[in-house]
Amino acid sequence: MGTNSQRSNEANVNAQCGEDSAMPIVSVKGLKENWQRWSNEHQENQKLNPFSHDTRPSVVALQRGQDDYGRPQQGSLTEKRGKEAHTHIGREVQKLCEVIRNIGELKEEEDGDGGRRKTIMVEFGKLFEHYVTISNTLVGILLRARKQGLVDFKGEMLWQGKDDHVVITLLE
């Protein structure tokens with residue numbers, strides 16, 4: 001016989017080794033500790049989860065009208081992905097303007113002051129034929145470029161076939 005500490009050490013060794021079987025035997029104490037650790041980690045994660053019904057004392061809920069309302073937390077992966085997407089869209093808009101410059105026709109128009117200005121114009125159908133090999137998101141990029149004041153065209157949305165003769169004007 002041995003002391004209590006010797007017996008518990010032998011029990012732990014036997015539980016970890018599993019003398020007769022290939023599968024290790026796990027002690028109830030180890031299972032309980034693992035479960036408690038998982039439970040604690042889960043509770044901490046739920047405090048950060050905006051969809052959890054748990055109380056979130058570490059997260060301050062922003063109210064509409066505050067500066068950071070509707071924006072991801074600074075330094076978060078969401079913020080990083082958003083910045084990368086913004087950069088990617090910016091490159092796509094620049095590429096679109098380049099394509100319009102290359103395939104568009106230079107025309108003179110009267111501006112509002114009675115003078116004349118040169119603009120580059122292209123029909124949507126022609127742009128679609130050339131641009132389809134570059135990207136499949138032409139209409140979305142056109143809308144973004146119009147929002148940025150780089151191009152102009154009539155209508156809210158352009159549809160292949162139906163709007164092939166709509167003129168797109170490069171403004172920059």
# chains A, B, ... in the order shown; residues from 1 in each chain; ligands from 1
>>> residues_around(residues="range 132-141 of chain A", least_positions_apart="5", cutoff="8 Å", atoms="only C-alpha atoms", output="list of chain:residue names")
A:Ile89, A:Glu92, A:Val93, A:Leu96, A:Met157, A:Leu158
>>> closest_residue(among="A:Lys107, A:Arg116, A:Pro50, A:Glu44", to="Leu62 in chain A", atoms="only C-alpha atoms")
A:Pro50
>>> closest_residue(among="A:Ala61, A:Ala85, A:Ile120, A:Leu77", to="Ile100 in chain A", atoms="only C-alpha atoms")
A:Ile120
>>> atom_distance(atom1="CA of Arg91 in chain A", atom2="CA of Leu142 in chain A")
12.7 Å
>>> select_by_dssp(residues="range 14-172 of chain A", states="strand (DSSP E)", output="list in words")
Glu105, Leu106, Lys107, Glu108, Glu109, Glu110, Arg116, Arg117, Lys118, Thr119, Ile120, Met121, Val122, Glu123, Val151, Asp152, Val167, Ile168, Thr169 and Leu170 of chain A
>>> write_last_selection(atoms="C-alpha atoms", output="tab-separated table (two decimals), in the first residue's frame")
chain	number	residue	atom	x	y	z
A	105	GLU	CA	-14.79	58.05	-79.05
A	106	LEU	CA	-13.56	61.58	-78.43
A	107	LYS	CA	-16.41	64.06	-79.08
A	108	GLU	CA	-16.84	67.77	-78.56
A	109	GLU	CA	-19.83	68.97	-76.58
A	110	GLU	CA	-21.11	72.36	-75.57
A	116	ARG	CA	-16.87	73.51	-76.00
A	117	ARG	CA	-15.29	70.64	-74.15
A	118	LYS	CA	-13.94	67.30	-75.28
A	119	THR	CA	-15.40	64.18	-73.74
A	120	ILE	CA	-14.94	60.48	-74.27
A	121	MET	CA	-18.13	58.51	-74.92
A	122	VAL	CA	-18.92	54.86	-75.50
A	123	GLU	CA	-22.14	52.91	-75.90
A	151	VAL	CA	-18.85	58.66	-65.51
A	152	ASP	CA	-22.40	59.59	-66.41
A	167	VAL	CA	-24.13	56.44	-74.05
A	168	ILE	CA	-21.67	56.41	-71.17
A	169	THR	CA	-19.63	59.58	-70.82
A	170	LEU	CA	-16.27	59.73	-69.06
>>> closest_residue(among="A:Gln63, A:Gly125, A:Lys147, A:His130", to="Asp163 in chain A", atoms="only C-alpha atoms")
A:Gly125
>>> atom_distance(atom1="CA of Asn40 in chain A", atom2="CA of Ser27 in chain A")
20.2 Å
>>> atom_distance(atom1="CA of Gln73 in chain A", atom2="CA of Asn49 in chain A")
12.8 Å
>>> decode(residues="range 138-149 of chain A", atoms="N, CA, C and O atoms", output="PDB file, in the first residue's frame")
ATOM      1  N   LEU A 138     -19.485  44.570 -64.447  1.00  0.00           N
ATOM      2  CA  LEU A 138     -19.443  45.868 -65.126  1.00  0.00           C
ATOM      3  C   LEU A 138     -20.496  46.837 -64.608  1.00  0.00           C
ATOM      4  O   LEU A 138     -20.193  47.990 -64.307  1.00  0.00           O
ATOM      5  N   VAL A 139     -21.728  46.409 -64.486  1.00  0.00           N
ATOM      6  CA  VAL A 139     -22.805  47.324 -64.105  1.00  0.00           C
ATOM      7  C   VAL A 139     -22.584  47.870 -62.693  1.00  0.00           C
ATOM      8  O   VAL A 139     -22.733  49.072 -62.452  1.00  0.00           O
ATOM      9  N   GLY A 140     -22.183  47.027 -61.778  1.00  0.00           N
ATOM     10  CA  GLY A 140     -21.911  47.483 -60.414  1.00  0.00           C
ATOM     11  C   GLY A 140     -20.775  48.481 -60.361  1.00  0.00           C
ATOM     12  O   GLY A 140     -20.826  49.479 -59.634  1.00  0.00           O
ATOM     13  N   ILE A 141     -19.748  48.244 -61.152  1.00  0.00           N
ATOM     14  CA  ILE A 141     -18.608  49.157 -61.176  1.00  0.00           C
ATOM     15  C   ILE A 141     -18.997  50.464 -61.853  1.00  0.00           C
ATOM     16  O   ILE A 141     -18.561  51.545 -61.436  1.00  0.00           O
ATOM     17  N   LEU A 142     -19.844  50.389 -62.891  1.00  0.00           N
ATOM     18  CA  LEU A 142     -20.350  51.618 -63.512  1.00  0.00           C
ATOM     19  C   LEU A 142     -21.143  52.457 -62.510  1.00  0.00           C
ATOM     20  O   LEU A 142     -20.999  53.684 -62.462  1.00  0.00           O
ATOM     21  N   LEU A 143     -21.973  51.814 -61.718  1.00  0.00           N
ATOM     22  CA  LEU A 143     -22.751  52.542 -60.711  1.00  0.00           C
ATOM     23  C   LEU A 143     -21.830  53.201 -59.687  1.00  0.00           C
ATOM     24  O   LEU A 143     -22.057  54.347 -59.268  1.00  0.00           O
ATOM     25  N   ARG A 144     -20.795  52.487 -59.258  1.00  0.00           N
ATOM     26  CA  ARG A 144     -19.832  53.053 -58.304  1.00  0.00           C
ATOM     27  C   ARG A 144     -19.081  54.233 -58.929  1.00  0.00           C
ATOM     28  O   ARG A 144     -18.879  55.260 -58.288  1.00  0.00           O
ATOM     29  N   ALA A 145     -18.671  54.094 -60.203  1.00  0.00           N
ATOM     30  CA  ALA A 145     -17.956  55.177 -60.882  1.00  0.00           C
ATOM     31  C   ALA A 145     -18.867  56.402 -61.030  1.00  0.00           C
ATOM     32  O   ALA A 145     -18.404  57.543 -60.896  1.00  0.00           O
ATOM     33  N   ARG A 146     -20.156  56.173 -61.299  1.00  0.00           N
ATOM     34  CA  ARG A 146     -21.086  57.307 -61.392  1.00  0.00           C
ATOM     35  C   ARG A 146     -21.249  57.973 -60.032  1.00  0.00           C
ATOM     36  O   ARG A 146     -21.290  59.198 -59.931  1.00  0.00           O
ATOM     37  N   LYS A 147     -21.307  57.195 -58.991  1.00  0.00           N
ATOM     38  CA  LYS A 147     -21.429  57.748 -57.644  1.00  0.00           C
ATOM     39  C   LYS A 147     -20.210  58.601 -57.293  1.00  0.00           C
ATOM     40  O   LYS A 147     -20.325  59.603 -56.595  1.00  0.00           O
ATOM     41  N   GLN A 148     -19.039  58.212 -57.799  1.00  0.00           N
ATOM     42  CA  GLN A 148     -17.806  58.964 -57.549  1.00  0.00           C
ATOM     43  C   GLN A 148     -17.647  60.142 -58.505  1.00  0.00           C
ATOM     44  O   GLN A 148     -16.680  60.889 -58.420  1.00  0.00           O
ATOM     45  N   GLY A 149     -18.572  60.301 -59.460  1.00  0.00           N
ATOM     46  CA  GLY A 149     -18.528  61.424 -60.382  1.00  0.00           C
ATOM     47  C   GLY A 149     -17.548  61.245 -61.530  1.00  0.00           C
ATOM     48  O   GLY A 149     -17.102  62.224 -62.122  1.00  0.00           O
TER      49      GLY A 149
END
